[in-house]
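Quick look at entry-v7.txt (compact mmCIF, C-alpha atoms and all ligand atoms):
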# COMPACT_ATOMS: atom_id res chain seq x y z
CA MET D 1 100.80 101.70 109.50
CA THR D 2 101.76 101.92 105.83
CA THR D 3 99.76 99.35 103.86
CA LEU D 4 100.80 97.88 100.51
CA PHE D 5 98.19 96.21 98.36
CA TYR D 6 99.84 93.55 96.23
CA SER D 7 99.21 90.60 93.96
CA PRO D 8 101.73 87.75 94.10
CA GLY D 9 104.55 88.10 91.59
CA ALA D 10 103.11 91.29 90.04
CA CYS D 11 104.97 94.59 89.78
CA SER D 12 103.82 95.23 93.36
CA LEU D 13 106.67 92.88 94.30
CA ALA D 14 108.99 95.87 93.82
CA PRO D 15 107.57 98.13 96.57
CA HIS D 16 107.08 95.00 98.71
CA ILE D 17 110.85 94.37 98.51
CA VAL D 18 111.60 98.03 99.17
CA LEU D 19 109.41 98.05 102.29
CA GLU D 20 111.26 94.96 103.52
CA TRP D 21 114.65 96.56 102.79
CA ILE D 22 113.58 99.70 104.68
CA GLY D 23 112.62 97.61 107.69
CA ALA D 24 109.98 99.98 109.16
CA PRO D 25 106.64 98.40 110.15
CA TYR D 26 104.21 97.92 107.28
CA GLU D 27 101.31 95.72 106.34
CA ALA D 28 101.07 93.81 103.05
CA VAL D 29 97.54 92.99 101.93
CA ARG D 30 96.95 90.52 99.11
CA VAL D 31 94.29 91.63 96.64
CA LYS D 32 92.88 90.32 93.40
CA THR D 33 93.56 92.59 90.42
CA GLY D 34 90.35 93.97 88.95
CA SER D 35 88.36 93.12 92.09
CA ASP D 36 85.83 95.52 93.61
CA GLU D 37 87.93 95.57 96.78
CA LEU D 38 90.94 96.84 94.82
CA ARG D 39 88.90 99.23 92.65
CA ALA D 40 87.75 100.93 95.85
CA ILE D 41 91.42 101.68 96.55
CA ASN D 42 92.68 102.14 92.98
CA PRO D 43 89.96 102.77 90.38
CA SER D 44 92.12 101.15 87.68
CA GLY D 45 91.96 97.84 89.56
CA ALA D 46 95.73 97.46 89.35
CA VAL D 47 98.45 96.87 91.91
CA PRO D 48 100.49 98.28 93.52
CA ALA D 49 98.63 100.71 95.77
CA LEU D 50 99.96 102.16 98.99
CA ARG D 51 97.82 103.57 101.81
CA GLU D 52 99.09 105.69 104.66
CA ASP D 53 97.54 105.93 108.14
CA ASP D 54 95.57 109.09 107.35
CA GLY D 55 93.89 107.36 104.39
CA TRP D 56 96.07 108.93 101.67
CA ILE D 57 96.46 106.50 98.78
CA LEU D 58 99.29 106.47 96.25
CA THR D 59 99.19 104.40 93.07
CA GLN D 60 101.66 103.87 90.21
CA ALA D 61 104.72 101.76 90.98
CA SER D 62 107.26 104.43 90.04
CA ALA D 63 105.62 107.05 92.28
CA ILE D 64 105.41 104.59 95.17
CA LEU D 65 109.07 103.62 94.83
CA ASP D 66 110.22 107.24 94.70
CA TYR D 67 107.96 108.15 97.64
CA LEU D 68 109.29 105.30 99.80
CA ALA D 69 112.90 106.18 98.96
CA HIS D 70 112.32 109.79 100.07
CA LYS D 71 110.20 108.90 103.07
CA HIS D 72 113.06 106.76 104.35
CA PRO D 73 116.31 108.46 103.29
CA GLU D 74 118.08 106.51 106.04
CA ALA D 75 117.65 103.33 103.95
CA GLY D 76 119.83 104.81 101.19
CA LEU D 77 117.69 103.43 98.38
CA GLY D 78 116.97 106.70 96.56
CA GLY D 79 120.02 106.93 94.32
CA GLY D 80 121.42 110.19 95.69
CA ASP D 81 120.35 113.86 95.68
CA GLY D 82 122.64 115.35 93.06
CA LEU D 83 121.06 116.77 89.92
CA ARG D 84 122.35 113.99 87.69
CA GLU D 85 121.74 111.32 90.33
CA ARG D 86 118.07 112.40 90.44
CA ALA D 87 117.97 112.37 86.65
CA GLU D 88 119.35 108.81 86.56
CA VAL D 89 116.61 107.68 88.96
CA GLU D 90 113.97 109.31 86.74
CA ARG D 91 115.54 107.76 83.64
CA TRP D 92 115.36 104.23 85.04
CA LEU D 93 111.91 104.64 86.60
CA ALA D 94 110.68 105.70 83.15
CA TYR D 95 112.52 102.84 81.46
CA PHE D 96 110.92 100.21 83.69
CA THR D 97 107.44 101.77 83.61
CA SER D 98 107.16 102.78 79.99
CA ASP D 99 109.52 100.46 78.15
CA MET D 100 109.97 97.26 80.13
CA HIS D 101 106.64 96.89 81.97
CA ALA D 102 104.61 98.00 78.98
CA SER D 103 106.36 95.48 76.74
CA PHE D 104 105.03 92.64 78.95
CA TRP D 105 101.37 93.71 78.89
CA PRO D 106 100.52 92.02 75.56
CA ILE D 107 102.13 88.81 76.83
CA PHE D 108 99.96 88.71 79.95
CA ASN D 109 96.80 90.03 78.31
CA PRO D 110 96.95 89.68 74.50
CA ALA D 111 93.17 90.15 74.15
CA ARG D 112 93.63 93.84 75.01
CA TYR D 113 95.88 94.27 71.96
CA THR D 114 93.87 92.80 69.11
CA LEU D 115 90.26 92.81 67.94
CA ASP D 116 91.05 90.04 65.46
CA PRO D 117 89.00 86.93 66.34
CA ALA D 118 91.06 84.72 64.00
CA ASP D 119 92.92 81.72 65.34
CA GLY D 120 96.46 82.72 66.02
CA ALA D 121 95.81 86.46 66.41
CA LYS D 122 96.60 86.46 70.11
CA GLU D 123 99.64 84.24 69.57
CA ALA D 124 100.90 86.81 67.06
CA VAL D 125 100.49 89.57 69.65
CA VAL D 126 102.42 87.53 72.20
CA GLY D 127 105.14 86.74 69.66
CA ALA D 128 105.61 90.42 68.80
CA ALA D 129 105.68 91.33 72.49
CA VAL D 130 108.32 88.70 73.23
CA ASN D 131 110.50 90.33 70.56
CA ARG D 132 109.87 93.73 72.09
CA VAL D 133 110.79 92.50 75.58
CA ARG D 134 114.06 91.13 74.20
CA THR D 135 114.87 94.46 72.53
CA VAL D 136 114.12 96.44 75.68
CA MET D 137 116.15 94.01 77.80
CA GLY D 138 119.11 94.52 75.50
CA ILE D 139 119.39 98.11 76.78
CA LEU D 140 119.62 96.95 80.40
CA GLU D 141 121.98 94.10 79.51
CA ALA D 142 124.46 96.51 77.93
CA HIS D 143 124.12 99.01 80.79
CA LEU D 144 124.87 96.34 83.41
CA ALA D 145 128.27 95.43 81.90
CA GLY D 146 130.77 95.99 84.72
CA ARG D 147 128.05 97.08 87.14
CA GLU D 148 126.67 95.29 90.18
CA TRP D 149 123.53 97.44 90.50
CA ILE D 150 121.62 99.56 88.01
CA LEU D 151 122.58 102.90 89.56
CA ASP D 152 126.23 103.77 90.13
CA THR D 153 125.29 104.96 93.64
CA GLY D 154 124.60 101.34 94.70
CA ARG D 155 121.56 99.19 95.43
CA SER D 156 118.35 101.19 95.07
CA VAL D 157 114.62 101.11 94.46
CA ILE D 158 115.46 100.71 90.77
CA ASP D 159 116.92 97.23 91.36
CA ALA D 160 113.76 96.28 93.23
CA TYR D 161 111.70 97.60 90.32
CA ALA D 162 113.69 95.40 87.93
CA PHE D 163 113.22 92.22 89.93
CA PRO D 164 109.60 91.27 89.12
CA MET D 165 110.16 92.00 85.44
CA LEU D 166 113.30 89.87 85.34
CA ARG D 167 111.26 87.03 86.85
CA TRP D 168 108.63 87.49 84.12
CA ALA D 169 111.36 87.45 81.47
CA LYS D 170 112.78 84.27 82.94
CA ALA D 171 109.34 82.65 82.79
CA LYS D 172 108.08 84.02 79.47
CA LEU D 173 111.06 84.32 77.12
CA PRO D 174 112.06 81.21 75.22
CA GLY D 175 115.45 80.48 76.78
CA GLY D 176 114.69 82.64 79.81
CA LEU D 177 117.64 84.87 80.69
CA THR D 178 120.23 82.74 78.87
CA ASP D 179 121.07 85.47 76.36
CA PHE D 180 121.33 88.12 79.08
CA PRO D 181 124.18 87.14 81.43
CA ASN D 182 124.49 90.54 83.11
CA ILE D 183 120.76 90.64 83.77
CA ARG D 184 120.86 87.07 85.05
CA ALA D 185 123.64 88.03 87.48
CA LEU D 186 121.51 90.93 88.80
CA SER D 187 118.48 88.69 89.06
CA ASP D 188 120.48 86.01 90.94
CA ARG D 189 121.98 88.63 93.26
CA LEU D 190 118.53 89.93 94.15
CA ALA D 191 117.04 86.44 94.47
CA ALA D 192 119.77 85.53 96.99
CA ASP D 193 118.93 88.52 99.20
CA PRO D 194 117.28 87.30 102.44
CA ALA D 195 114.80 90.20 102.42
CA VAL D 196 113.75 89.34 98.87
CA GLN D 197 113.35 85.69 99.89
CA ARG D 198 111.15 86.67 102.84
CA VAL D 199 108.91 88.69 100.55
CA LEU D 200 108.68 85.91 97.96
CA GLU D 201 107.77 83.44 100.70
CA ARG D 202 105.09 85.79 102.09
CA GLU D 203 103.63 86.34 98.61
CA ARG D 204 103.62 82.57 97.98
CA ALA D 205 101.94 81.85 101.30
CA GLY D 206 99.39 84.65 100.77
N1 LIG I 301 100.98 101.99 85.49
C1 LIG I 301 100.72 101.11 86.59
C2 LIG I 301 100.47 99.72 86.03
C3 LIG I 301 100.20 98.73 87.09
C4 LIG I 301 99.87 97.36 86.50
O1 LIG I 301 99.70 97.19 85.29
N2 LIG I 301 99.78 96.38 87.39
C5 LIG I 301 99.42 95.06 86.96
C6 LIG I 301 100.19 94.01 87.71
S1 LIG I 301 101.92 94.04 87.29
C7 LIG I 301 97.95 94.87 87.24
O2 LIG I 301 97.52 95.06 88.37
N3 LIG I 301 97.19 94.52 86.22
C8 LIG I 301 95.80 94.29 86.34
C9 LIG I 301 95.05 94.95 85.24
O3 LIG I 301 95.67 95.70 84.46
O4 LIG I 301 93.85 94.72 85.15
C10 LIG I 301 101.90 101.08 87.56
O5 LIG I 301 103.04 101.24 87.10
O6 LIG I 301 101.69 100.92 88.76
If you convert what's in this file into structure tokens, what do you get?
Amino acid sequence: MTTLFYSPGACSLAPHIVLEWIGAPYEAVRVKTGSDELRAINPSGAVPALREDDGWILTQASAILDYLAHKHPEAGLGGGDGLRERAEVERWLAYFTSDMHASFWPIFNPARYTLDPADGAKEAVVGAAVNRVRTVMGILEAHLAGREWILDTGRSVIDAYAFPMLRWAKAKLPGGLTDFPNIRALSDRLAADPAVQRVLERERAG
């Protein structure tokens, strides 16, 4: 059976939601980031990681999402096969990996981003990162005007990828999603999805 290694509320929530949307049997295994158990699966100690029956392991959220979409074309989560449709998927995978996700790292782990031992150095890192998250979110906010889902082809793995990051933004930005009504609408739409609720409940329960 396909096995997803996840940590509650982390970016692994995205492939967890996608597996639930697909509806084929899978196992979700909770792991601690940085643990020896996880490093044996993914040397970077990060989630998500996906393991197939034959022992093949895939890491990197964007690769896992794209793989699942193509493994299960019947689920219709891959954004279409046309040249430009594929390009849009790549565009948004890159946006969430390199722009959005990366902008949160200093918020969650400021010590990785400064060698300055002075009081307030880490707070300054977090403050700068919060500004960066807001800037990056502005791109998505504008894109979502008049759209229900991120891709024009309909609900896709890209919306699932957005979801954990929108939850982080809600929790970490002063004012949460108040200044981002289109993003809030997407976040609410996803949060109301029964499959998403099942996954959140499973991750909460561990
Ligand atoms: N480039 C990786 C990054 C994965 C990542 O940073 N995962 C976080 C959780 S959202 C993590 O496990 N962090 C633990 C660590 O960096 O030590 C991906 O996109 O899958």
Q.
Any residue with an atom at most 6 Å from ligand LIG 301 (chain I) counts, using all atoms listed in the file. Which are they? Put them as number ranges by chain.
A. D: 10-11, 33-34, 45-48, 60-61, 97
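Shell of His143 (chain D) at 12 Å, with all atoms listed in the file counted and residues fewer than 5 places along the chain excluded, is D:Trp92, D:Val136, D:Met137, D:Gly138, D:Glu148, D:Trp149, D:Ile150, D:Leu151, D:Asp152, D:Phe180, D:Pro181, D:Asn182, D:Ile183, D:Leu186.
Distance check against Gly146 (chain D) using all atoms listed in the file: of D:Val130, D:Leu115, D:Val89, D:Ala185, the minimum falls on D:Ala185.
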**Q.** Protein and nucleic acid residues near (104.9, 86.5, 102.3) (cut-off 12 Å, only C-alpha atoms) as a PyMOL selection string
**A.** chain D and resi 6-9+13+16-17+20+27-30+195-206
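In this structure, CA of Asp99 (chain D) sits 12.7 Å away from CA of Ser62 (chain D).
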**Q.** One-decimal distance in Å that lies between CA of Glu123 (chain D) and CA of Pro110 (chain D)
**A.** 7.8 Å
(Q) Would you pick out the contacts of Glu74 (chain D) at 12 Å or less, using only C-alpha atoms, so that residues sharing its chain but fewer than 6 positions from it are not included, and give the list as an MDAnalysis selection string? (A) chainID D and resid 21:24 68 80
Grab the residues selected above and save them as a PDB file, keeping the file's coordinate frame with C-alpha atoms.
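Final output, saved to out.pdb:
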ATOM      1  CA  TRP D  21     114.650  96.560 102.790  1.00  0.00           C
ATOM      2  CA  ILE D  22     113.580  99.700 104.680  1.00  0.00           C
ATOM      3  CA  GLY D  23     112.620  97.610 107.690  1.00  0.00           C
ATOM      4  CA  ALA D  24     109.980  99.980 109.160  1.00  0.00           C
ATOM      5  CA  LEU D  68     109.290 105.300  99.800  1.00  0.00           C
ATOM      6  CA  GLY D  80     121.420 110.190  95.690  1.00  0.00           C
TER       7      GLY D  80
END
Q) Which residues come within 8 Å of region 161-169 of chain D, counting only C-alpha atoms, excluding same-chain residues fewer than 6 positions away, as a ChimeraX atom specification? A) /D:9-11,13-15,65,93,96,100-101,133,176-177,183,187,190
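Closest to Arg189 (chain D) among D:Gly76, D:Lys71, D:Ala160, D:Pro174 is D:Ala160, based on only C-alpha atoms.
CA of Lys170 (chain D) sits 20.2 Å away from CA of Pro194 (chain D).
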Q. When distances are computed from only C-alpha atoms, which of D:Ala69, D:Leu144, D:Leu77, D:Ile158 shows the smallest separation from Tyr95 (chain D)?
A. D:Ile158
Q) Contacts of region 53-58 of chain D at 7 Å or less, counting all atoms listed in the file, minus same-chain residues fewer than 6 places along, as a PyMOL selection string? A) chain D and resi 1-2+64
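If you measure from each of D:Arg84, D:His72, D:Ala63, D:Lys32 to Thr153 (chain D) using only C-alpha atoms, the closest one turns out to be D:Arg84.
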Please put the answer as JSON: centre and edge lengths, in Å with one decimal, of a box along x, y and z that encloses all listed atoms of region 11-23 of chain D plus 5 Å on each side.
{"center_x": 109.2, "center_y": 96.3, "center_z": 98.7, "size_x": 20.8, "size_y": 16.8, "size_z": 27.9}
Q.
Calculated over all atoms listed in the file, which of the candidates D:Ala49, D:Leu83, D:Leu38, D:Ala129 has the smallest distance to Ala102 (chain D)?
A. D:Ala129
Can you rebuild region 68-90 of chain D with N, CA and C atoms and give it as a PDB file, in the frame of the given file?
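Below is the file selection-v8.pdb, written as the result:
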ATOM      1  N   LEU D  68     108.698 106.090  98.707  1.00  0.00           N
ATOM      2  CA  LEU D  68     109.290 105.300  99.800  1.00  0.00           C
ATOM      3  C   LEU D  68     110.762 105.658  99.983  1.00  0.00           C
ATOM      4  N   ALA D  69     111.470 105.835  98.868  1.00  0.00           N
ATOM      5  CA  ALA D  69     112.900 106.180  98.960  1.00  0.00           C
ATOM      6  C   ALA D  69     113.083 107.508  99.701  1.00  0.00           C
ATOM      7  N   HIS D  70     112.180 108.477  99.434  1.00  0.00           N
ATOM      8  CA  HIS D  70     112.320 109.790 100.070  1.00  0.00           C
ATOM      9  C   HIS D  70     111.731 109.832 101.471  1.00  0.00           C
ATOM     10  N   LYS D  71     110.764 108.966 101.716  1.00  0.00           N
ATOM     11  CA  LYS D  71     110.200 108.900 103.070  1.00  0.00           C
ATOM     12  C   LYS D  71     111.224 108.314 104.038  1.00  0.00           C
ATOM     13  N   HIS D  72     112.061 107.440 103.507  1.00  0.00           N
ATOM     14  CA  HIS D  72     113.060 106.760 104.350  1.00  0.00           C
ATOM     15  C   HIS D  72     114.466 106.971 103.782  1.00  0.00           C
ATOM     16  N   PRO D  73     114.971 108.203 103.851  1.00  0.00           N
ATOM     17  CA  PRO D  73     116.310 108.460 103.290  1.00  0.00           C
ATOM     18  C   PRO D  73     117.384 107.640 103.989  1.00  0.00           C
ATOM     19  N   GLU D  74     117.102 107.271 105.263  1.00  0.00           N
ATOM     20  CA  GLU D  74     118.080 106.510 106.040  1.00  0.00           C
ATOM     21  C   GLU D  74     118.370 105.145 105.412  1.00  0.00           C
ATOM     22  N   ALA D  75     117.454 104.647 104.585  1.00  0.00           N
ATOM     23  CA  ALA D  75     117.650 103.330 103.950  1.00  0.00           C
ATOM     24  C   ALA D  75     118.606 103.429 102.755  1.00  0.00           C
ATOM     25  N   GLY D  76     118.856 104.627 102.274  1.00  0.00           N
ATOM     26  CA  GLY D  76     119.830 104.810 101.190  1.00  0.00           C
ATOM     27  C   GLY D  76     119.441 104.138  99.896  1.00  0.00           C
ATOM     28  N   LEU D  77     118.151 104.129  99.585  1.00  0.00           N
ATOM     29  CA  LEU D  77     117.690 103.430  98.380  1.00  0.00           C
ATOM     30  C   LEU D  77     117.293 104.392  97.264  1.00  0.00           C
ATOM     31  N   GLY D  78     117.511 105.696  97.482  1.00  0.00           N
ATOM     32  CA  GLY D  78     116.970 106.700  96.560  1.00  0.00           C
ATOM     33  C   GLY D  78     117.903 107.148  95.462  1.00  0.00           C
ATOM     34  N   GLY D  79     119.124 106.630  95.440  1.00  0.00           N
ATOM     35  CA  GLY D  79     120.020 106.930  94.320  1.00  0.00           C
ATOM     36  C   GLY D  79     120.759 108.251  94.404  1.00  0.00           C
ATOM     37  N   GLY D  80     120.655 108.958  95.529  1.00  0.00           N
ATOM     38  CA  GLY D  80     121.420 110.190  95.690  1.00  0.00           C
ATOM     39  C   GLY D  80     120.619 111.431  95.344  1.00  0.00           C
ATOM     40  N   ASP D  81     121.104 112.604  95.816  1.00  0.00           N
ATOM     41  CA  ASP D  81     120.350 113.860  95.680  1.00  0.00           C
ATOM     42  C   ASP D  81     120.914 114.810  94.646  1.00  0.00           C
ATOM     43  N   GLY D  82     122.051 114.466  94.069  1.00  0.00           N
ATOM     44  CA  GLY D  82     122.640 115.350  93.060  1.00  0.00           C
ATOM     45  C   GLY D  82     121.730 115.459  91.847  1.00  0.00           C
ATOM     46  N   LEU D  83     121.913 116.526  91.087  1.00  0.00           N
ATOM     47  CA  LEU D  83     121.060 116.770  89.920  1.00  0.00           C
ATOM     48  C   LEU D  83     121.075 115.582  88.963  1.00  0.00           C
ATOM     49  N   ARG D  84     122.260 115.106  88.641  1.00  0.00           N
ATOM     50  CA  ARG D  84     122.350 113.990  87.690  1.00  0.00           C
ATOM     51  C   ARG D  84     121.941 112.665  88.321  1.00  0.00           C
ATOM     52  N   GLU D  85     122.193 112.543  89.636  1.00  0.00           N
ATOM     53  CA  GLU D  85     121.740 111.320  90.330  1.00  0.00           C
ATOM     54  C   GLU D  85     120.212 111.228  90.284  1.00  0.00           C
ATOM     55  N   ARG D  86     119.551 112.370  90.514  1.00  0.00           N
ATOM     56  CA  ARG D  86     118.070 112.400  90.440  1.00  0.00           C
ATOM     57  C   ARG D  86     117.622 112.074  89.010  1.00  0.00           C
ATOM     58  N   ALA D  87     118.340 112.616  88.050  1.00  0.00           N
ATOM     59  CA  ALA D  87     117.970 112.370  86.650  1.00  0.00           C
ATOM     60  C   ALA D  87     118.121 110.889  86.294  1.00  0.00           C
ATOM     61  N   GLU D  88     119.161 110.246  86.836  1.00  0.00           N
ATOM     62  CA  GLU D  88     119.350 108.810  86.560  1.00  0.00           C
ATOM     63  C   GLU D  88     118.188 107.995  87.142  1.00  0.00           C
ATOM     64  N   VAL D  89     117.751 108.380  88.355  1.00  0.00           N
ATOM     65  CA  VAL D  89     116.610 107.680  88.960  1.00  0.00           C
ATOM     66  C   VAL D  89     115.381 107.831  88.064  1.00  0.00           C
ATOM     67  N   GLU D  90     115.132 109.056  87.611  1.00  0.00           N
ATOM     68  CA  GLU D  90     113.970 109.310  86.740  1.00  0.00           C
ATOM     69  C   GLU D  90     114.099 108.529  85.441  1.00  0.00           C
TER      70      GLU D  90
END
